[in-house]
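A.B. asks: My structure file work_28.cif, mmCIF, C-alpha atoms (C1' of nucleotides), is below:
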```cif
data_my_file
loop_
_atom_site.label_atom_id
_atom_site.label_comp_id
_atom_site.auth_asym_id
_atom_site.auth_seq_id
_atom_site.Cartn_x
_atom_site.Cartn_y
_atom_site.Cartn_z
CA MET A 188 67.80 31.73 48.00
CA LYS A 189 64.90 29.66 49.24
CA THR A 190 65.39 26.73 51.51
CA ILE A 191 64.09 23.41 50.29
CA GLU A 192 61.39 23.54 52.93
CA GLN A 193 60.18 26.87 51.64
CA LEU A 194 60.23 25.63 48.10
CA LEU A 195 58.13 22.59 48.92
CA GLU A 196 55.68 24.64 50.95
CA SER A 197 55.32 27.17 48.18
CA LYS A 198 54.23 24.31 45.94
CA GLN A 199 51.85 23.00 48.62
CA ILE A 200 53.80 19.88 49.28
CA ARG A 201 54.02 18.67 52.79
CA VAL A 202 57.57 18.67 54.09
CA THR A 203 58.75 15.25 55.18
CA ALA A 204 62.17 13.86 55.91
CA MET A 205 61.95 11.55 52.91
CA ARG A 206 61.05 14.31 50.53
CA LEU A 207 63.86 16.53 51.71
CA LEU A 208 66.34 13.72 51.22
CA ILE A 209 65.10 12.90 47.77
CA TYR A 210 65.16 16.55 46.78
CA LYS A 211 68.73 16.91 48.01
CA PHE A 212 69.73 13.79 46.15
CA LEU A 213 68.32 15.15 42.93
CA ALA A 214 69.91 18.53 43.50
CA GLU A 215 73.34 17.02 44.00
CA LYS A 216 73.10 14.91 40.90
CA LYS A 217 73.88 16.83 37.79
CA VAL A 218 72.34 14.16 35.62
CA ALA A 219 68.88 12.71 35.20
CA VAL A 220 68.25 9.68 37.38
CA THR A 221 66.10 6.61 37.16
CA LEU A 222 63.88 5.29 39.88
CA SER A 223 66.42 2.55 40.43
CA ASP A 224 69.14 5.11 40.99
CA ILE A 225 67.12 6.65 43.76
CA GLU A 226 66.28 3.24 45.08
CA ASN A 227 69.94 2.34 45.34
CA ALA A 228 70.73 5.59 47.08
CA PHE A 229 68.04 5.04 49.70
CA GLU A 230 68.05 1.36 50.41
CA LYS A 231 66.13 1.80 53.62
CA ALA A 232 63.18 3.40 51.96
CA ASP A 233 60.53 1.53 50.08
CA ARG A 234 60.38 1.69 46.33
CA THR A 235 56.75 2.74 46.42
CA THR A 236 57.51 5.76 48.54
CA LEU A 237 60.21 6.89 46.17
CA TYR A 238 57.95 6.26 43.24
CA ARG A 239 55.11 8.27 44.70
CA THR A 240 57.38 11.04 45.87
CA ILE A 241 58.70 11.48 42.36
CA LYS A 242 55.17 11.44 41.01
CA THR A 243 54.21 14.15 43.50
CA PHE A 244 57.24 16.22 42.51
CA GLU A 245 56.30 15.74 38.90
CA GLU A 246 52.73 16.91 39.39
CA LYS A 247 53.91 19.98 41.22
CA VAL A 248 56.51 20.68 38.55
CA ILE A 249 59.55 20.21 40.74
CA VAL A 250 60.99 17.50 38.56
CA HIS A 251 60.38 16.69 34.92
CA GLN A 252 60.34 13.35 33.28
CA ILE A 253 62.82 12.52 30.55
CA ASP A 254 62.46 9.87 27.94
CA ASP A 255 65.95 9.43 26.55
CA GLY A 256 65.24 6.34 24.53
CA THR A 257 66.80 3.83 26.90
CA GLY A 258 63.33 2.64 27.75
CA ILE A 259 63.66 3.67 31.35
CA THR A 260 62.15 6.95 32.39
CA LYS A 261 64.48 9.35 34.09
CA TYR A 262 63.86 12.40 36.21
CA ALA A 263 65.64 15.65 36.77
CA LEU A 264 64.96 18.76 38.80
CA CYS A 265 63.35 21.60 36.98
CA GLU A 266 65.42 24.74 36.83
CA GLN A 267 64.56 27.85 38.76
CA GLY A 268 61.80 29.49 36.77
CA CYS A 269 61.50 26.50 34.52
CA ASN A 270 58.19 26.24 32.78
CA CYS A 271 57.98 22.54 32.26
CA ASP A 272 54.23 22.74 32.45
CA ILE A 273 54.13 25.21 29.62
CA LYS A 274 54.64 23.13 26.56
CA THR A 275 56.40 25.76 24.52
CA ASP A 276 59.38 26.07 26.81
CA LEU A 277 61.17 22.80 26.33
CA HIS A 278 64.86 22.25 26.47
CA LEU A 279 66.68 19.32 25.00
CA HIS A 280 68.44 16.42 26.62
CA PHE A 281 71.74 14.81 25.86
CA HIS A 282 72.26 11.11 26.32
CA CYS A 283 75.80 9.77 26.42
CA ASN A 284 76.17 6.44 24.65
CA ASN A 285 79.32 5.78 26.61
CA CYS A 286 78.54 6.45 30.26
CA ASN A 287 74.81 6.13 29.71
CA GLU A 288 74.07 9.35 31.55
CA THR A 289 71.50 11.87 30.52
CA ILE A 290 71.79 15.56 31.20
CA CYS A 291 69.57 18.56 30.61
CA LEU A 292 70.89 21.17 28.24
CA THR A 293 68.69 23.78 29.78
CA ASP A 294 69.91 26.71 27.79
CA HIS A 295 69.51 24.92 24.48
CA LYS A 296 66.00 25.57 23.37
CA ILE A 297 64.36 23.40 20.80
CA PRO A 298 63.99 25.11 17.44
CA GLN A 299 60.55 25.53 16.00
CA ILE A 300 59.62 22.38 14.11
CA LYS A 301 57.42 22.62 11.09
CA VAL A 302 54.78 19.93 10.67
CA PRO A 303 52.59 19.24 7.65
CA ASP A 304 49.19 20.89 7.17
CA GLY A 305 46.53 19.45 9.39
CA PHE A 306 48.94 18.48 12.10
CA VAL A 307 48.93 20.39 15.36
CA SER A 308 52.12 20.39 17.40
CA GLU A 309 51.63 20.49 21.12
CA ASN A 310 54.85 19.19 22.49
CA VAL A 311 58.31 18.20 21.37
CA ASN A 312 60.73 15.64 22.75
CA LEU A 313 64.28 16.01 21.54
CA VAL A 314 67.13 13.79 22.66
CA VAL A 315 70.60 14.11 21.23
CA LYS A 316 72.76 11.04 21.63
CA GLY A 317 76.50 10.89 21.44
CA ILE A 318 79.51 11.29 23.68
CA CYS A 319 79.42 13.69 26.58
CA ASP A 320 82.20 16.09 27.53
CA LYS A 321 83.52 13.85 30.27
CA CYS A 322 83.77 10.81 28.04
CA SER A 323 85.18 12.58 24.98
CA SER A 324 88.18 14.09 26.73
CA MET B 37 60.31 -2.14 -8.39
CA LYS B 38 61.78 -4.98 -6.44
CA THR B 39 59.68 -7.78 -5.13
CA ILE B 40 59.75 -8.37 -1.42
CA GLU B 41 61.63 -11.59 -2.00
CA GLN B 42 64.34 -9.76 -3.88
CA LEU B 43 64.55 -7.12 -1.22
CA LEU B 44 65.01 -9.66 1.54
CA GLU B 45 67.58 -11.58 -0.42
CA SER B 46 69.53 -8.46 -1.20
CA LYS B 47 69.82 -7.89 2.52
CA GLN B 48 70.84 -11.46 3.10
CA ILE B 49 67.69 -12.46 4.86
CA ARG B 50 66.26 -15.83 4.19
CA VAL B 51 62.82 -15.67 2.66
CA THR B 52 60.15 -17.37 4.72
CA ALA B 53 56.38 -17.24 4.63
CA MET B 54 56.27 -15.54 8.00
CA ARG B 55 58.71 -12.84 7.01
CA LEU B 56 56.85 -12.06 3.82
CA LEU B 57 53.61 -11.72 5.74
CA ILE B 58 55.12 -9.48 8.35
CA TYR B 59 56.76 -7.34 5.71
CA LYS B 60 53.46 -6.96 3.86
CA PHE B 61 51.71 -6.07 7.06
CA LEU B 62 54.22 -3.34 7.80
CA ALA B 63 54.05 -2.07 4.24
CA GLU B 64 50.27 -1.77 4.34
CA LYS B 65 50.29 0.08 7.61
CA LYS B 66 51.00 3.72 7.20
CA VAL B 67 51.78 4.10 10.88
CA ALA B 68 54.36 2.69 13.22
CA VAL B 69 53.21 -0.46 14.94
CA THR B 70 53.94 -2.15 18.23
CA LEU B 71 54.79 -5.77 18.69
CA SER B 72 51.29 -6.30 20.06
CA ASP B 73 49.79 -4.86 16.91
CA ILE B 74 51.62 -7.43 14.88
CA GLU B 75 50.70 -10.10 17.36
CA ASN B 76 47.02 -9.28 17.01
CA ALA B 77 47.28 -9.35 13.25
CA PHE B 78 48.88 -12.80 13.26
CA GLU B 79 47.19 -14.69 16.03
CA LYS B 80 48.40 -18.00 14.75
CA ALA B 81 52.03 -17.06 14.97
CA ASP B 82 54.04 -17.02 18.12
CA ARG B 83 55.06 -13.84 19.79
CA THR B 84 58.68 -14.86 19.81
CA THR B 85 58.78 -15.38 16.08
CA LEU B 86 57.35 -11.95 15.46
CA TYR B 87 59.75 -10.46 17.94
CA ARG B 88 62.77 -12.07 16.37
CA THR B 89 61.62 -11.31 12.87
CA ILE B 90 61.38 -7.65 13.74
CA LYS B 91 64.80 -7.78 15.35
CA THR B 92 66.22 -9.33 12.21
CA PHE B 93 64.58 -6.66 10.07
CA GLU B 94 66.00 -4.06 12.39
CA GLU B 95 69.55 -5.37 12.14
CA LYS B 96 69.35 -5.46 8.38
CA VAL B 97 67.88 -1.98 8.30
CA ILE B 98 64.52 -2.91 6.89
CA VAL B 99 62.61 -1.44 9.78
CA HIS B 100 63.59 1.19 12.27
CA GLN B 101 62.62 1.43 15.87
CA ILE B 102 60.69 4.40 17.15
CA ASP B 103 60.52 5.57 20.69
CA ASP B 104 57.56 7.91 20.76
CA GLY B 105 57.41 8.33 24.50
CA THR B 106 54.46 6.02 25.11
CA GLY B 107 56.86 3.58 26.71
CA ILE B 108 56.17 0.96 24.08
CA THR B 109 58.62 0.65 21.22
CA LYS B 110 57.15 0.87 17.77
CA TYR B 111 58.48 -0.13 14.40
CA ALA B 112 58.11 1.16 10.89
CA LEU B 113 59.51 0.24 7.53
CA CYS B 114 62.48 2.22 6.37
CA GLU B 115 61.90 4.15 3.20
CA GLN B 116 63.43 3.19 -0.10
CA GLY B 117 66.98 4.40 0.10
CA CYS B 118 66.57 5.27 3.74
CA ASN B 119 69.83 5.43 5.59
CA CYS B 120 68.68 4.60 9.06
CA ASP B 121 72.06 3.15 9.79
CA ILE B 122 73.74 6.36 8.88
CA LYS B 123 73.15 8.56 11.82
CA THR B 124 72.98 11.81 9.94
CA ASP B 125 69.90 10.98 7.94
CA LEU B 126 67.20 11.01 10.53
CA HIS B 127 63.65 12.02 10.05
CA LEU B 128 61.22 12.95 12.76
CA HIS B 129 58.16 11.20 14.09
CA PHE B 130 54.77 12.54 14.97
CA HIS B 131 52.74 11.05 17.78
CA CYS B 132 49.03 11.84 17.96
CA ASN B 133 47.80 12.35 21.49
CA ASN B 134 44.28 11.61 20.36
CA CYS B 135 44.38 8.41 18.32
CA ASN B 136 47.71 7.37 19.81
CA GLU B 137 49.21 6.62 16.42
CA THR B 138 52.75 7.42 15.42
CA ILE B 139 53.79 8.22 11.90
CA CYS B 140 57.08 8.93 10.18
CA LEU B 141 57.45 12.35 8.66
CA THR B 142 60.10 11.10 6.31
CA ASP B 143 60.56 14.25 4.35
CA HIS B 144 60.97 16.37 7.45
CA LYS B 145 64.61 16.27 8.28
CA ILE B 146 65.84 17.18 11.69
CA PRO B 147 67.62 20.52 11.79
CA GLN B 148 71.21 20.59 12.90
CA ILE B 149 71.33 20.80 16.68
CA LYS B 150 74.16 22.63 18.36
CA VAL B 151 75.59 21.03 21.45
CA PRO B 152 78.06 22.53 23.92
CA ASP B 153 81.82 22.18 23.51
CA GLY B 154 83.11 18.75 24.36
CA PHE B 155 79.90 17.03 23.41
CA VAL B 156 79.79 14.91 20.28
CA SER B 157 76.45 14.42 18.63
CA GLU B 158 75.97 11.07 16.93
CA ASN B 159 72.27 10.68 16.72
CA VAL B 160 69.09 12.61 17.29
CA ASN B 161 65.66 11.43 18.35
CA LEU B 162 62.88 13.90 17.73
CA VAL B 163 59.24 13.22 18.45
CA VAL B 164 56.60 15.86 17.98
CA LYS B 165 53.38 15.26 19.85
CA GLY B 166 50.03 16.76 19.09
CA ILE B 167 46.99 16.11 16.97
CA CYS B 168 47.32 14.43 13.61
CA ASP B 169 45.58 15.47 10.42
CA LYS B 170 42.89 12.81 10.72
CA CYS B 171 41.97 13.78 14.28
CA SER B 172 42.15 17.54 13.82
CA SER B 173 39.64 17.70 10.97
"C1'" DT C 292 46.73 18.18 75.16
"C1'" DT C 293 44.36 15.12 72.78
"C1'" DA C 294 40.97 13.28 69.51
"C1'" DA C 295 40.02 12.93 64.76
"C1'" DC C 296 41.09 13.18 60.24
"C1'" DA C 297 44.13 13.40 56.18
"C1'" DA C 298 48.25 12.50 54.06
"C1'" DA C 299 52.50 9.70 53.71
"C1'" DT C 300 54.77 5.40 53.98
"C1'" DG C 301 55.67 0.33 53.63
"C1'" DC C 302 54.47 -4.32 52.16
"C1'" DA C 303 52.60 -7.46 48.98
"C1'" DC C 304 50.90 -8.23 44.80
"C1'" DT C 305 49.78 -7.58 39.85
"C1'" DT C 306 50.44 -6.37 35.09
"C1'" DC C 307 52.75 -5.50 30.93
"C1'" DC C 308 56.36 -5.67 27.78
"C1'" DA C 309 60.92 -7.35 26.51
"C1'" DT C 310 63.93 -11.12 26.26
"C1'" DT C 311 66.00 -15.88 26.53
"C1'" DG C 312 66.63 -21.19 26.65
"C1'" DC C 313 65.54 -25.17 24.60
"C1'" DA C 314 63.24 -28.38 21.68
"C1'" DC C 315 61.37 -29.04 17.21
"C1'" DT C 316 60.74 -27.97 12.34
"C1'" DT C 317 61.91 -26.10 7.98
"C1'" DA C 318 65.00 -24.77 4.36
"C1'" DC C 319 69.50 -24.67 2.00
"C1'" DT C 320 73.97 -27.34 0.57
"C1'" DA C 321 77.23 -30.77 -0.20
"C1'" DT D 70 69.33 -37.43 0.22
"C1'" DA D 71 71.76 -36.75 4.50
"C1'" DG D 72 73.51 -33.20 7.29
"C1'" DT D 73 73.66 -28.71 8.99
"C1'" DA D 74 72.24 -24.12 9.81
"C1'" DA D 75 68.56 -21.08 10.40
"C1'" DG D 76 63.69 -20.31 11.70
"C1'" DT D 77 59.82 -21.20 14.67
"C1'" DG D 78 57.02 -22.31 18.87
"C1'" DC D 79 56.45 -23.14 23.82
"C1'" DA D 80 57.60 -22.02 28.38
"C1'" DA D 81 59.69 -19.33 31.52
"C1'" DT D 82 62.24 -15.27 33.33
"C1'" DG D 83 63.22 -10.46 34.42
"C1'" DG D 84 62.57 -5.59 34.94
"C1'" DA D 85 59.96 -1.63 35.46
"C1'" DA D 86 55.50 0.51 36.35
"C1'" DG D 87 51.57 0.65 38.89
"C1'" DT D 88 47.77 -0.54 42.65
"C1'" DG D 89 45.29 -2.00 47.15
"C1'" DC D 90 45.44 -1.98 51.75
"C1'" DA D 91 47.15 -1.64 56.41
"C1'" DT D 92 50.05 1.20 59.31
"C1'" DT D 93 52.35 5.28 60.65
"C1'" DT D 94 53.04 10.12 60.74
"C1'" DG D 95 51.58 14.81 60.63
"C1'" DT D 96 48.00 18.56 60.91
"C1'" DT D 97 44.00 20.65 62.75
"C1'" DA D 98 40.46 21.69 65.80
"C1'" DA D 99 37.93 20.85 69.98
#
```
As structure tokens, please, write out the structure in this file.
C.D. replies:
Amino acid sequence: MKTIEQLLESKQIRVTAMRLLIYKFLAEKKVAVTLSDIENAFEKADRTTLYRTIKTFEEKVIVHQIDDGTGITKYALCEQGCNCDIKTDLHLHFHCNNCNETICLTDHKIPQIKVPDGFVSENVNLVVKGICDKCSS
Amino acid sequence: MKTIEQLLESKQIRVTAMRLLIYKFLAEKKVAVTLSDIENAFEKADRTTLYRTIKTFEEKVIVHQIDDGTGITKYALCEQGCNCDIKTDLHLHFHCNNCNETICLTDHKIPQIKVPDGFVSENVNLVVKGICDKCSS
DNA sequence: TTAACAAATGCACTTCCATTGCACTTACTA
DNA sequence: TAGTAAGTGCAATGGAAGTGCATTTGTTAA
């Protein structure tokens, strides 16, 4: 079990107080968060810092971006051993129409999608919308 | 073969010059278009009119909205007999990373996606990204 | 230990798209 | 043909993403 510091260093990211806090915040959240969510959680910090921190995390494949169709990009931590940078290993996301939360269904891999001749598939984005387990019970 | 006028009337949409033009524009285009695309095609018309026309078409299930991950919503005509309002009849979309165009692969239905217990699937959004037939040749 | 440099942070500002309020015009209906 | 409802155009707003620059913090080497 790596500490967060070790994890960041292993990805050549400088360890700062802000980054540790943001990482912890993401780790505690089970769901994907928007920039505004982070902003609300850290009112003292500047939006730009949060924005750039997330972008750094994204580049270094610590978080991945999710486009769940709400129009607002969300972010979630990549799993241990997640290969978000490798386009063939994509999991799907579930967006709850009731509570508006989006979660990663990491162990649900996306089936192979056939495309017509002449088309080359590089990447797949799959979002299932409906009612999540919390809201349906 | 219905005329456009008949189609609009059958959906209880008042026929106006603007709406006929926009419908024709969408019908000619093989790809999904953004609001800006329409705006550029009709420079004389106001943005708001185009916006509201599209919204009307959307409500009456004449066009469907596509979220291809570019951050800009696109629109495309629903097929004859398309059941965009019925959530089980969804086709997938292909977004070309080269020419940036998005097309409907109407005859490619989305496979049934299994979700964990407690989750209820109502709707699926599937976008495949890659290189389209025109760009790959 | 400190000087020097690089990276991180904060503030202000900009841009782009989506959306709305209100006035005016056009099209149906009695 | 008058009256009303819907459609259209102009102006303005709001939210999210992104950028430039000055300041602060952290790292490295003399």
A.B. asks: Using only C-alpha atoms (C1' of nucleotides) and a cut-off of 9 Å, which residues of chain C sit close to chain A? Please list them as a PyMOL selection string.
C.D. replies: chain C and resi 298-302
A.B. asks: Residues of chain A were defined as contacting chain B if any atom lay at most 10 Å from it, counting all atoms listed in the file; please report them as number ranges by chain.
C.D. replies: A: 253-260, 279-284, 292, 294-324
A.B. asks: Grab the residues selected above and save them as a compact mmCIF listing (two decimals), keeping the file's coordinate frame with C-alpha atoms.
C.D. replies:
```txt
# COMPACT_ATOMS: atom_id res chain seq x y z
CA ILE A 253 62.82 12.52 30.55
CA ASP A 254 62.46 9.87 27.94
CA ASP A 255 65.95 9.43 26.55
CA GLY A 256 65.24 6.34 24.53
CA THR A 257 66.80 3.83 26.90
CA GLY A 258 63.33 2.64 27.75
CA ILE A 259 63.66 3.67 31.35
CA THR A 260 62.15 6.95 32.39
CA LEU A 279 66.68 19.32 25.00
CA HIS A 280 68.44 16.42 26.62
CA PHE A 281 71.74 14.81 25.86
CA HIS A 282 72.26 11.11 26.32
CA CYS A 283 75.80 9.77 26.42
CA ASN A 284 76.17 6.44 24.65
CA LEU A 292 70.89 21.17 28.24
CA ASP A 294 69.91 26.71 27.79
CA HIS A 295 69.51 24.92 24.48
CA LYS A 296 66.00 25.57 23.37
CA ILE A 297 64.36 23.40 20.80
CA PRO A 298 63.99 25.11 17.44
CA GLN A 299 60.55 25.53 16.00
CA ILE A 300 59.62 22.38 14.11
CA LYS A 301 57.42 22.62 11.09
CA VAL A 302 54.78 19.93 10.67
CA PRO A 303 52.59 19.24 7.65
CA ASP A 304 49.19 20.89 7.17
CA GLY A 305 46.53 19.45 9.39
CA PHE A 306 48.94 18.48 12.10
CA VAL A 307 48.93 20.39 15.36
CA SER A 308 52.12 20.39 17.40
CA GLU A 309 51.63 20.49 21.12
CA ASN A 310 54.85 19.19 22.49
CA VAL A 311 58.31 18.20 21.37
CA ASN A 312 60.73 15.64 22.75
CA LEU A 313 64.28 16.01 21.54
CA VAL A 314 67.13 13.79 22.66
CA VAL A 315 70.60 14.11 21.23
CA LYS A 316 72.76 11.04 21.63
CA GLY A 317 76.50 10.89 21.44
CA ILE A 318 79.51 11.29 23.68
CA CYS A 319 79.42 13.69 26.58
CA ASP A 320 82.20 16.09 27.53
CA LYS A 321 83.52 13.85 30.27
CA CYS A 322 83.77 10.81 28.04
CA SER A 323 85.18 12.58 24.98
CA SER A 324 88.18 14.09 26.73
```
A.B. asks: Could you write out as number ranges by chain the residues of chain D within 10 Å of chain B, counting all atoms listed in the file?
C.D. replies: D: 75-79
A.B. asks: Could those selected residues go to a file with C-alpha atoms (C1' of nucleotides), as a compact mmCIF listing (two decimals), in the frame of the given file?
C.D. replies:
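Wrote it out as result.txt, contents follow:
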```
# COMPACT_ATOMS: atom_id res chain seq x y z
C1' DA D 75 68.56 -21.08 10.40
C1' DG D 76 63.69 -20.31 11.70
C1' DT D 77 59.82 -21.20 14.67
C1' DG D 78 57.02 -22.31 18.87
C1' DC D 79 56.45 -23.14 23.82
```
A.B. asks: Can you list, as a count of residues only, every protein, DNA or RNA residue that comes within 12 Å of Gln199 (chain A) when you count all atoms listed in the file, leaving out same-chain residues fewer than 6 positions away?
C.D. replies: 8
A.B. asks: Give me, as a CSV table (one decimal) with C-alpha atoms, in the coordinates of the input, all polymer residues having an atom no more than 8 Å from region 59-74 of chain B, counting all atoms listed in the file and skipping those fewer than 2 positions away in the same chain.
C.D. replies:
```csv
chain,number,residue,atom,x,y,z
B,40,ILE,CA,59.8,-8.4,-1.4
B,55,ARG,CA,58.7,-12.8,7.0
B,56,LEU,CA,56.8,-12.1,3.8
B,57,LEU,CA,53.6,-11.7,5.7
B,76,ASN,CA,47.0,-9.3,17.0
B,77,ALA,CA,47.3,-9.4,13.2
B,78,PHE,CA,48.9,-12.8,13.3
B,86,LEU,CA,57.4,-12.0,15.5
B,87,TYR,CA,59.8,-10.5,17.9
B,102,ILE,CA,60.7,4.4,17.2
B,108,ILE,CA,56.2,1.0,24.1
B,109,THR,CA,58.6,0.6,21.2
B,110,LYS,CA,57.2,0.9,17.8
B,111,TYR,CA,58.5,-0.1,14.4
B,112,ALA,CA,58.1,1.2,10.9
B,113,LEU,CA,59.5,0.2,7.5
B,137,GLU,CA,49.2,6.6,16.4
B,138,THR,CA,52.8,7.4,15.4
B,139,ILE,CA,53.8,8.2,11.9
B,140,CYS,CA,57.1,8.9,10.2
```
A.B. asks: In Å, with one decimal, what is the gap from C1' of DT88 (chain D) to C1' of DA297 (chain C)?
C.D. replies: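 One can read the C1' of DT88 (chain D) to C1' of DA297 (chain C) distance as 19.8 Å.
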A.B. asks: Identify all residues satisfying the PyMOL selection byres ((chain D and resi 73) around 12) in the given file; provide them as a count of residues only.
C.D. replies: 8
A.B. asks: What would chain A look like once superposed on chain B, with the fit done by least squares over all C-alpha atoms paired in order? Give it as a CSV table (one decimal) with C-alpha atoms, in the coordinates of the input.
C.D. replies:
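The result, written out as part-v9.csv:
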```csv
chain,number,residue,atom,x,y,z
A,188,MET,CA,60.0,-2.2,-8.5
A,189,LYS,CA,61.5,-5.1,-6.5
A,190,THR,CA,59.4,-7.9,-5.2
A,191,ILE,CA,59.5,-8.4,-1.5
A,192,GLU,CA,61.4,-11.7,-2.1
A,193,GLN,CA,64.1,-9.9,-4.0
A,194,LEU,CA,64.3,-7.2,-1.4
A,195,LEU,CA,64.8,-9.7,1.4
A,196,GLU,CA,67.3,-11.7,-0.6
A,197,SER,CA,69.3,-8.6,-1.4
A,198,LYS,CA,69.6,-8.0,2.3
A,199,GLN,CA,70.6,-11.7,2.8
A,200,ILE,CA,67.5,-12.6,4.7
A,201,ARG,CA,66.1,-15.9,4.1
A,202,VAL,CA,62.6,-15.8,2.6
A,203,THR,CA,60.0,-17.4,4.7
A,204,ALA,CA,56.2,-17.3,4.7
A,205,MET,CA,56.2,-15.6,8.0
A,206,ARG,CA,58.6,-12.9,7.0
A,207,LEU,CA,56.7,-12.1,3.8
A,208,LEU,CA,53.5,-11.7,5.8
A,209,ILE,CA,55.1,-9.5,8.4
A,210,TYR,CA,56.7,-7.4,5.7
A,211,LYS,CA,53.3,-7.0,3.9
A,212,PHE,CA,51.6,-6.1,7.1
A,213,LEU,CA,54.2,-3.4,7.8
A,214,ALA,CA,53.9,-2.1,4.2
A,215,GLU,CA,50.2,-1.8,4.4
A,216,LYS,CA,50.3,0.1,7.7
A,217,LYS,CA,51.0,3.7,7.2
A,218,VAL,CA,51.8,4.1,10.9
A,219,ALA,CA,54.4,2.7,13.2
A,220,VAL,CA,53.3,-0.5,15.0
A,221,THR,CA,54.1,-2.1,18.3
A,222,LEU,CA,54.9,-5.7,18.7
A,223,SER,CA,51.5,-6.2,20.2
A,224,ASP,CA,49.9,-4.8,17.0
A,225,ILE,CA,51.7,-7.4,15.0
A,226,GLU,CA,50.8,-10.0,17.5
A,227,ASN,CA,47.1,-9.2,17.2
A,228,ALA,CA,47.3,-9.3,13.5
A,229,PHE,CA,48.9,-12.8,13.5
A,230,GLU,CA,47.3,-14.6,16.3
A,231,LYS,CA,48.5,-18.0,15.0
A,232,ALA,CA,52.1,-17.1,15.1
A,233,ASP,CA,54.2,-17.1,18.2
A,234,ARG,CA,55.2,-13.8,19.8
A,235,THR,CA,58.8,-14.9,19.8
A,236,THR,CA,58.9,-15.4,16.1
A,237,LEU,CA,57.4,-12.0,15.5
A,238,TYR,CA,59.9,-10.5,18.0
A,239,ARG,CA,62.8,-12.1,16.3
A,240,THR,CA,61.6,-11.3,12.8
A,241,ILE,CA,61.4,-7.7,13.7
A,242,LYS,CA,64.9,-7.8,15.3
A,243,THR,CA,66.2,-9.4,12.1
A,244,PHE,CA,64.6,-6.7,10.0
A,245,GLU,CA,66.0,-4.1,12.2
A,246,GLU,CA,69.6,-5.4,12.0
A,247,LYS,CA,69.3,-5.5,8.2
A,248,VAL,CA,67.8,-2.0,8.1
A,249,ILE,CA,64.5,-3.0,6.8
A,250,VAL,CA,62.6,-1.5,9.7
A,251,HIS,CA,63.6,1.2,12.2
A,252,GLN,CA,62.7,1.4,15.8
A,253,ILE,CA,60.8,4.4,17.0
A,254,ASP,CA,60.7,5.6,20.6
A,255,ASP,CA,57.7,8.0,20.7
A,256,GLY,CA,57.6,8.4,24.4
A,257,THR,CA,54.7,6.1,25.1
A,258,GLY,CA,57.1,3.6,26.6
A,259,ILE,CA,56.4,1.0,24.0
A,260,THR,CA,58.8,0.7,21.1
A,261,LYS,CA,57.3,0.9,17.7
A,262,TYR,CA,58.6,-0.1,14.3
A,263,ALA,CA,58.1,1.2,10.8
A,264,LEU,CA,59.5,0.2,7.4
A,265,CYS,CA,62.5,2.2,6.3
A,266,GLU,CA,61.9,4.1,3.1
A,267,GLN,CA,63.4,3.2,-0.2
A,268,GLY,CA,67.0,4.5,0.0
A,269,CYS,CA,66.6,5.3,3.7
A,270,ASN,CA,69.8,5.5,5.5
A,271,CYS,CA,68.7,4.6,9.0
A,272,ASP,CA,72.1,3.1,9.7
A,273,ILE,CA,73.8,6.4,8.9
A,274,LYS,CA,73.2,8.5,11.9
A,275,THR,CA,73.1,11.8,10.1
A,276,ASP,CA,70.0,11.0,8.1
A,277,LEU,CA,67.3,11.0,10.6
A,278,HIS,CA,63.7,12.0,10.0
A,279,LEU,CA,61.3,13.0,12.7
A,280,HIS,CA,58.2,11.2,14.0
A,281,PHE,CA,54.8,12.5,14.9
A,282,HIS,CA,52.8,11.1,17.7
A,283,CYS,CA,49.1,11.8,17.9
A,284,ASN,CA,47.9,12.4,21.4
A,285,ASN,CA,44.3,11.6,20.3
A,286,CYS,CA,44.5,8.4,18.2
A,287,ASN,CA,47.8,7.4,19.7
A,288,GLU,CA,49.3,6.6,16.4
A,289,THR,CA,52.8,7.4,15.3
A,290,ILE,CA,53.9,8.2,11.8
A,291,CYS,CA,57.2,8.9,10.1
A,292,LEU,CA,57.5,12.4,8.6
A,293,THR,CA,60.2,11.1,6.2
A,294,ASP,CA,60.7,14.3,4.3
A,295,HIS,CA,61.1,16.4,7.4
A,296,LYS,CA,64.7,16.3,8.3
A,297,ILE,CA,65.9,17.1,11.7
A,298,PRO,CA,67.7,20.5,11.9
A,299,GLN,CA,71.2,20.6,13.1
A,300,ILE,CA,71.2,20.8,16.9
A,301,LYS,CA,74.0,22.7,18.6
A,302,VAL,CA,75.4,21.2,21.8
A,303,PRO,CA,77.7,22.7,24.3
A,304,ASP,CA,81.5,22.5,24.0
A,305,GLY,CA,82.8,19.1,24.9
A,306,PHE,CA,79.7,17.3,23.9
A,307,VAL,CA,79.7,15.1,20.8
A,308,SER,CA,76.4,14.5,19.0
A,309,GLU,CA,76.0,11.2,17.4
A,310,ASN,CA,72.4,10.7,17.1
A,311,VAL,CA,69.1,12.6,17.5
A,312,ASN,CA,65.7,11.5,18.4
A,313,LEU,CA,62.9,13.9,17.7
A,314,VAL,CA,59.2,13.3,18.4
A,315,VAL,CA,56.6,15.9,17.8
A,316,LYS,CA,53.4,15.3,19.7
A,317,GLY,CA,50.0,16.8,19.0
A,318,ILE,CA,47.0,16.1,16.8
A,319,CYS,CA,47.4,14.4,13.5
A,320,ASP,CA,45.6,15.4,10.3
A,321,LYS,CA,42.9,12.7,10.6
A,322,CYS,CA,42.0,13.7,14.1
A,323,SER,CA,42.2,17.5,13.6
A,324,SER,CA,39.7,17.6,10.8
```
A.B. asks: Would you list the contacts of DC304 (chain C) as a list in words, taking every protein, DNA or RNA residue within 12 Å and counting all atoms listed in the file, but skipping same-chain residues closer than 3 positions in sequence?
C.D. replies: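 These residues fall inside the cut-off: DG87, DT88, DG89 and DC90 of chain D.
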A.B. asks: For a test of reading the model, state the distance in Å between CA of Lys91 (chain B) and CA of Glu45 (chain B), rounded to one decimal.
C.D. replies: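 Atom-to-atom, CA of Lys91 (chain B) to CA of Glu45 (chain B), that is 16.5 Å.
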